[in-house]
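Peer 1: What follows is a structure written as structure tokens; I'll ask about it next.
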Amino acid sequence: MGSAMLEHGFVRDIVEQAATPFYYYDMNVLQATLAEVNRQTAGHPFRVHYAVKANGNPHILKNIANHGLGADLVSGGEIKAALAAGFDPQEMTFSGVGKTDWEIRLGIENGIGCFNVESIPELEVINQLAGEMGKTANIAFRINPDIDAHTHKYITTGTADNKFGIGIEVLEGAVKHALSLPNIHMKGLHFHIGSQITMMQPYVMLCETINRLLDHYDQLGIHFETINVGGGLGINYLEPDTHPLPDFEQYFGTFKQHLKLQPNQLLHFELGRAIVGGCGSLIARVVYVKENRNKKFIILDAGMTELIRPALYEAHHEVQNLSAAGREQQDTYDVVGPVCESSDVFAHDCVLPVTQRGDLIAIRSAGAYGESMSSRYNMRSMPASVFAGNQ
Ligand code: LLP
């Protein structure tokens, strides 16, 4: 869907209006993704909160809010962006290990649905600030379930030796303490086991852990209104055209099958990458093609400043030459950016049609953690964004 547009000149029309590099968002892919999420969750007590950190572009946020999703937020800036985009504060959750006082106040003031609390000191501060404001704050405990999701070490979050959440072994004390605090309404439990997860096994393990916990608390007479299983569903970076949407049926089906929700319990999801990953491409122009002794390099006008994922996580993104229609010969290139860092490489040994200065290049599947992680390193400009399709 996306690439048909890319190849048939859509981008070339748009490029007349926007200087490269820019993010190109195919809103048809985003709409199809959101429709599929709503289709797979309809009729179940499921609520999907979009993880704004994946892409906070105001136009994207508005589209997602219009489809009725909630928002998962990790900073005061994201709370403001979600409010501006029209998300319902009741359907906002606020996560993060280092929430500052002003961010907590902003959340309480706007009546956000839930603080996902990551430590006891944080719980005390929320209780104190809510008390000062004459309000009650809804909270869920983020639990570190010690499940290895087998993703890149920098995006694994659910194992025991990282900074996120509180250990299951101290949960009972924390829950009882929260129930005793005057300005806290303890709503539920929250989990997040990692990102770019494509096998369902870690989610099955998560369901089993949650089932055990729910049984245990049931015996203590403690009921949770919400269970939040976080995000993490991965996308297919290798074949964006044949798999423009993630397998939501399999993902939501895993929870439908394995999680034993109690009556009146809501299941929350916090998906980021799966919602926006497929709809975005980074469009760049070839500045130079250069040959060293053993290698040919395609040097782009986009680099790690626009898309840091390959440099930071050795992430793979498909690279396409949009100007090469009719060129039959191929060559092998390293596709690199202009930034003064040797990690500023998009792809090693990439087979492409013979490429020339001035060609347009698309770096695919860049809708998630692309624009939102861009920087001004080397005093470069922030990338522009361009939208195509039904909006
Ligand atoms: N909930 C929590 C508590 C999270 O920490 C995250 C992501 C999400 C939800 C959304 O995860 P998603 O559905 O997007 O996988 N920059 C990295 C990914 C970092 C993910 C951080 N946490 C990347 O580019 O791969």
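Starting from 1 in every chain, residues are counted up; chains themselves are A, B, ... following the order of the structure tokens, and ligands are numbered from 1 as listed.
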Would you mind listing the residues within 7 Å of ligand 1, counting only C-alpha atoms and all ligand atoms, as a compact mmCIF listing (two decimals) with all heavy atoms, in the first residue's frame?

Peer 2:
```
# COMPACT_ATOMS: atom_id res chain seq x y z
N ALA A 51 1.15 4.83 22.61
CA ALA A 51 2.37 5.31 23.27
C ALA A 51 2.94 6.48 22.48
O ALA A 51 3.60 6.30 21.45
CB ALA A 51 3.40 4.18 23.39
N ALA A 54 6.38 7.10 20.61
CA ALA A 54 6.74 6.54 19.30
C ALA A 54 6.68 7.60 18.20
O ALA A 54 7.49 7.58 17.26
CB ALA A 54 5.83 5.36 18.95
N ASP A 72 -0.72 6.91 26.09
CA ASP A 72 0.26 6.53 27.11
C ASP A 72 1.39 7.54 27.05
O ASP A 72 1.99 7.75 26.00
CB ASP A 72 0.77 5.11 26.81
CG ASP A 72 2.05 4.80 27.55
OD1 ASP A 72 2.11 5.08 28.76
OD2 ASP A 72 3.00 4.27 26.92
N SER A 95 3.45 7.09 32.55
CA SER A 95 4.50 6.17 33.02
C SER A 95 5.83 6.90 33.12
O SER A 95 5.95 8.03 32.66
CB SER A 95 4.69 5.02 32.03
OG SER A 95 3.51 4.34 31.79
N ILE A 155 16.38 -2.25 24.39
CA ILE A 155 14.93 -2.05 24.47
C ILE A 155 14.24 -3.16 25.26
O ILE A 155 13.03 -3.29 25.24
CB ILE A 155 14.27 -1.85 23.08
CG1 ILE A 155 14.65 -2.96 22.10
CG2 ILE A 155 14.64 -0.50 22.49
CD1 ILE A 155 13.95 -2.83 20.75
N HIS A 192 5.14 -4.01 31.35
CA HIS A 192 5.62 -3.77 29.98
C HIS A 192 6.91 -4.57 29.85
O HIS A 192 7.84 -4.36 30.61
CB HIS A 192 5.88 -2.27 29.74
CG HIS A 192 6.52 -1.98 28.42
ND1 HIS A 192 5.81 -2.03 27.24
CD2 HIS A 192 7.79 -1.68 28.09
CE1 HIS A 192 6.63 -1.75 26.24
NE2 HIS A 192 7.84 -1.53 26.73
N GLY A 194 8.91 -5.13 26.99
CA GLY A 194 9.92 -4.79 25.99
C GLY A 194 9.27 -4.35 24.69
O GLY A 194 8.06 -4.21 24.63
N SER A 195 10.10 -4.16 23.70
CA SER A 195 9.64 -3.57 22.45
C SER A 195 10.10 -4.40 21.25
O SER A 195 11.06 -5.17 21.37
CB SER A 195 10.20 -2.15 22.36
OG SER A 195 9.44 -1.37 21.48
N GLN A 196 9.43 -4.23 20.11
CA GLN A 196 9.71 -4.99 18.89
C GLN A 196 9.68 -6.50 19.17
O GLN A 196 10.59 -7.26 18.84
CB GLN A 196 11.07 -4.55 18.27
CG GLN A 196 11.45 -5.17 16.93
CD GLN A 196 10.33 -5.09 15.86
OE1 GLN A 196 9.47 -4.25 15.92
NE2 GLN A 196 10.36 -5.96 14.89
N GLY A 230 0.98 -3.14 28.81
CA GLY A 230 2.02 -2.39 28.12
C GLY A 230 1.91 -2.49 26.61
O GLY A 230 0.84 -2.74 26.06
N GLY A 231 3.06 -2.30 25.96
CA GLY A 231 3.06 -2.34 24.50
C GLY A 231 4.05 -3.38 24.02
O GLY A 231 4.21 -4.42 24.63
N GLY A 232 4.73 -3.06 22.92
CA GLY A 232 5.84 -3.91 22.49
C GLY A 232 5.62 -4.70 21.22
O GLY A 232 6.58 -5.27 20.70
N LEU A 233 4.38 -4.76 20.72
CA LEU A 233 4.17 -5.55 19.51
C LEU A 233 5.04 -5.01 18.37
O LEU A 233 5.05 -3.81 18.10
CB LEU A 233 2.69 -5.52 19.10
CG LEU A 233 2.36 -6.22 17.77
CD1 LEU A 233 2.67 -7.70 17.83
CD2 LEU A 233 0.89 -6.00 17.41
N GLY A 234 5.77 -5.92 17.73
CA GLY A 234 6.73 -5.51 16.70
C GLY A 234 6.11 -5.39 15.32
O GLY A 234 4.98 -5.80 15.08
N GLU A 270 -0.67 -0.56 25.62
CA GLU A 270 0.05 0.69 25.30
C GLU A 270 0.91 0.47 24.06
O GLU A 270 2.12 0.25 24.19
CB GLU A 270 0.97 1.08 26.45
CG GLU A 270 0.28 1.41 27.73
CD GLU A 270 1.25 1.54 28.90
OE1 GLU A 270 2.42 1.12 28.79
OE2 GLU A 270 0.82 2.07 29.92
N LEU A 271 0.29 0.49 22.91
CA LEU A 271 1.05 0.20 21.68
C LEU A 271 1.58 1.48 21.05
O LEU A 271 0.85 2.46 20.91
CB LEU A 271 0.16 -0.54 20.69
CG LEU A 271 -0.30 -1.93 21.14
CD1 LEU A 271 -1.32 -2.50 20.16
CD2 LEU A 271 0.90 -2.87 21.26
N GLY A 272 2.83 1.45 20.67
CA GLY A 272 3.43 2.60 19.99
C GLY A 272 3.83 2.22 18.58
O GLY A 272 3.16 2.55 17.59
N ARG A 273 4.91 1.44 18.48
CA ARG A 273 5.48 1.07 17.18
C ARG A 273 4.44 0.42 16.26
O ARG A 273 4.39 0.73 15.07
CB ARG A 273 6.63 0.10 17.42
CG ARG A 273 7.41 -0.27 16.17
CD ARG A 273 8.39 -1.43 16.43
NE ARG A 273 9.02 -1.35 17.71
CZ ARG A 273 10.23 -0.83 17.95
NH1 ARG A 273 10.94 -0.35 16.95
NH2 ARG A 273 10.74 -0.82 19.16
N ALA A 274 3.63 -0.48 16.83
CA ALA A 274 2.68 -1.22 15.99
C ALA A 274 1.65 -0.29 15.34
O ALA A 274 1.11 -0.59 14.29
CB ALA A 274 1.97 -2.28 16.83
N ARG A 309 17.84 5.06 14.79
CA ARG A 309 17.68 3.64 15.14
C ARG A 309 18.80 2.74 14.61
O ARG A 309 19.30 1.88 15.34
CB ARG A 309 16.31 3.11 14.69
CG ARG A 309 15.14 3.90 15.27
CD ARG A 309 13.82 3.20 15.10
NE ARG A 309 13.76 2.00 15.91
CZ ARG A 309 13.91 0.79 15.46
NH1 ARG A 309 14.08 0.58 14.17
NH2 ARG A 309 13.88 -0.24 16.27
N ALA A 368 7.81 4.99 13.58
CA ALA A 368 7.94 4.93 15.05
C ALA A 368 9.39 5.17 15.46
O ALA A 368 10.31 4.59 14.89
CB ALA A 368 7.50 3.56 15.56
N TYR A 369 9.58 6.02 16.44
CA TYR A 369 10.91 6.32 16.99
C TYR A 369 11.86 6.86 15.91
O TYR A 369 13.06 6.63 15.97
CB TYR A 369 11.50 5.09 17.69
CG TYR A 369 10.56 4.52 18.74
CD1 TYR A 369 9.88 3.32 18.53
CD2 TYR A 369 10.33 5.21 19.92
CE1 TYR A 369 8.99 2.81 19.48
CE2 TYR A 369 9.45 4.71 20.87
CZ TYR A 369 8.79 3.51 20.65
OH TYR A 369 7.92 3.03 21.59
```

Peer 1: Fewer than 3 positions away in the same chain doesn't count, so skip those; otherwise give me all residues within 10 Å of A:Ile283, counting only C-alpha atoms, as a PyMOL selection string.

Peer 2: chain A and resi 6+11+15+19-24+280+300-302+319-322+360-364+366+383+385-386

Peer 1: Taking the DSSP secondary structure from the backbone, can you list the residues of stretch 131-248 of chain A that are strand (DSSP E), as a list in words?

Peer 2: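 Strand (DSSP E) members of stretch 131-248 of chain A, listed: Ala137, Asn138, Ile139, Ala140, Phe141, Arg142, Ile143, Asn144, Ile166, Gly167, Ile184, His185, Met186, Lys187, Gly188, Leu189, His190, Thr226, Ile227 and Asn228 of chain A.
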
Peer 1: What is the distance between atom CA of A:Gly277 and atom CA of A:Val335, in Å to one decimal?

Peer 2: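 Those two atoms sit 20.9 Å apart.
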
Peer 1: If you run DSSP on the backbone here, which positions in stretch 138-302 of chain A get alpha helix (DSSP H)? Please write them as a ChimeraX atom specification.

Peer 2: /A:171-180,201-219,248-258,273-276

Peer 1: Find, counting only C-alpha atoms, the residue in A:Leu245, A:Met205, A:Met379, A:Cys279 that gets nearest to A:Met27.

Peer 2: A:Cys279

Peer 1: Quick one: pull the distance between atom CA of A:Leu238 and atom CA of A:Asp26, Å, one decimal.

Peer 2: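 Atom-to-atom, atom CA of A:Leu238 to atom CA of A:Asp26, that is 18.2 Å.
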
Peer 1: Using only C-alpha atoms, determine which residues lie at most 10 Å from A:Ile112, disregarding the query and same-chain residues fewer than 5 positions distant; provide the list as a ChimeraX atom specification.

Peer 2: /A:71,79,88-94,104,106-107,137-139

Peer 1: Determine the nearest neighbour of A:Val354 from the options A:Arg327, A:Lys296, A:Arg212, A:Lys163, counting only C-alpha atoms.

Peer 2: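 Between A:Arg327, A:Lys296, A:Arg212, A:Lys163, the residue approaching A:Val354 most closely is A:Arg327.
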
Peer 1: I want to know what sits within 9 Å of A:Val276, based on only C-alpha atoms, with residues of the same chain fewer than 5 positions away left out; could you give that as a list of chain:residue names?

Peer 2: A:Val29, A:Leu30, A:Thr33, A:Ala54, A:Asn55, A:Ile60, A:Ser365, A:Ala366, A:Gly367, A:Ala368

Peer 1: Output C-alpha atoms of each residue in that selection to a file, as a PDB file, in the first residue's frame.

Peer 2:
```
ATOM      1  CA  VAL A  29      -1.693   3.023   6.223  1.00  0.00           C
ATOM      2  CA  LEU A  30      -2.312   4.745   9.562  1.00  0.00           C
ATOM      3  CA  THR A  33      -3.922   0.221  11.150  1.00  0.00           C
ATOM      4  CA  ALA A  54       6.743   6.537  19.299  1.00  0.00           C
ATOM      5  CA  ASN A  55       5.615   9.590  17.332  1.00  0.00           C
ATOM      6  CA  ILE A  60      -0.556  11.962  13.698  1.00  0.00           C
ATOM      7  CA  SER A 365       9.198   1.665   8.377  1.00  0.00           C
ATOM      8  CA  ALA A 366      10.393   4.831  10.069  1.00  0.00           C
ATOM      9  CA  GLY A 367       7.073   6.026  11.508  1.00  0.00           C
ATOM     10  CA  ALA A 368       7.944   4.928  15.049  1.00  0.00           C
TER      11      ALA A 368
END
```

Peer 1: Excluding same-chain residues fewer than 2 positions from A:Glu239, what lies within 10 Å of it counting only C-alpha atoms, as a list in words?

Peer 2: Ile235, Asn236, Tyr237, Asp241, Thr242, His243, Pro244, His317, Glu318, Arg364 and Ser365 of chain A

Peer 1: May I have the residues from that selection written out with N, CA and C atoms, as a tab-separated table (two decimals), in the first residue's frame?

Peer 2:
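File again_21.tsv, as written:
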```tsv
chain	number	residue	atom	x	y	z
A	235	ILE	N	6.87	-4.81	14.41
A	235	ILE	CA	6.44	-4.71	13.00
A	235	ILE	C	7.47	-5.45	12.13
A	236	ASN	N	7.09	-5.69	10.88
A	236	ASN	CA	7.98	-6.40	9.97
A	236	ASN	C	8.86	-5.39	9.22
A	237	TYR	N	10.08	-5.20	9.70
A	237	TYR	CA	10.99	-4.23	9.09
A	237	TYR	C	11.56	-4.74	7.77
A	241	ASP	N	6.21	-3.97	2.48
A	241	ASP	CA	5.14	-3.93	1.49
A	241	ASP	C	4.19	-5.11	1.61
A	242	THR	N	4.75	-6.30	1.91
A	242	THR	CA	3.86	-7.45	2.05
A	242	THR	C	3.21	-7.47	3.43
A	243	HIS	N	3.81	-6.82	4.41
A	243	HIS	CA	3.23	-6.78	5.76
A	243	HIS	C	3.13	-5.33	6.25
A	244	PRO	N	2.29	-4.52	5.65
A	244	PRO	CA	2.21	-3.12	6.09
A	244	PRO	C	1.61	-2.97	7.49
A	317	HIS	N	16.36	-1.06	8.49
A	317	HIS	CA	15.28	-0.40	7.74
A	317	HIS	C	15.54	-0.64	6.26
A	318	GLU	N	14.51	-1.03	5.52
A	318	GLU	CA	14.67	-1.22	4.08
A	318	GLU	C	14.99	0.12	3.41
A	364	ARG	N	12.43	2.98	4.86
A	364	ARG	CA	11.06	2.56	5.17
A	364	ARG	C	10.86	2.24	6.66
A	365	SER	N	9.60	2.07	7.02
A	365	SER	CA	9.20	1.66	8.38
A	365	SER	C	9.79	2.58	9.44
```
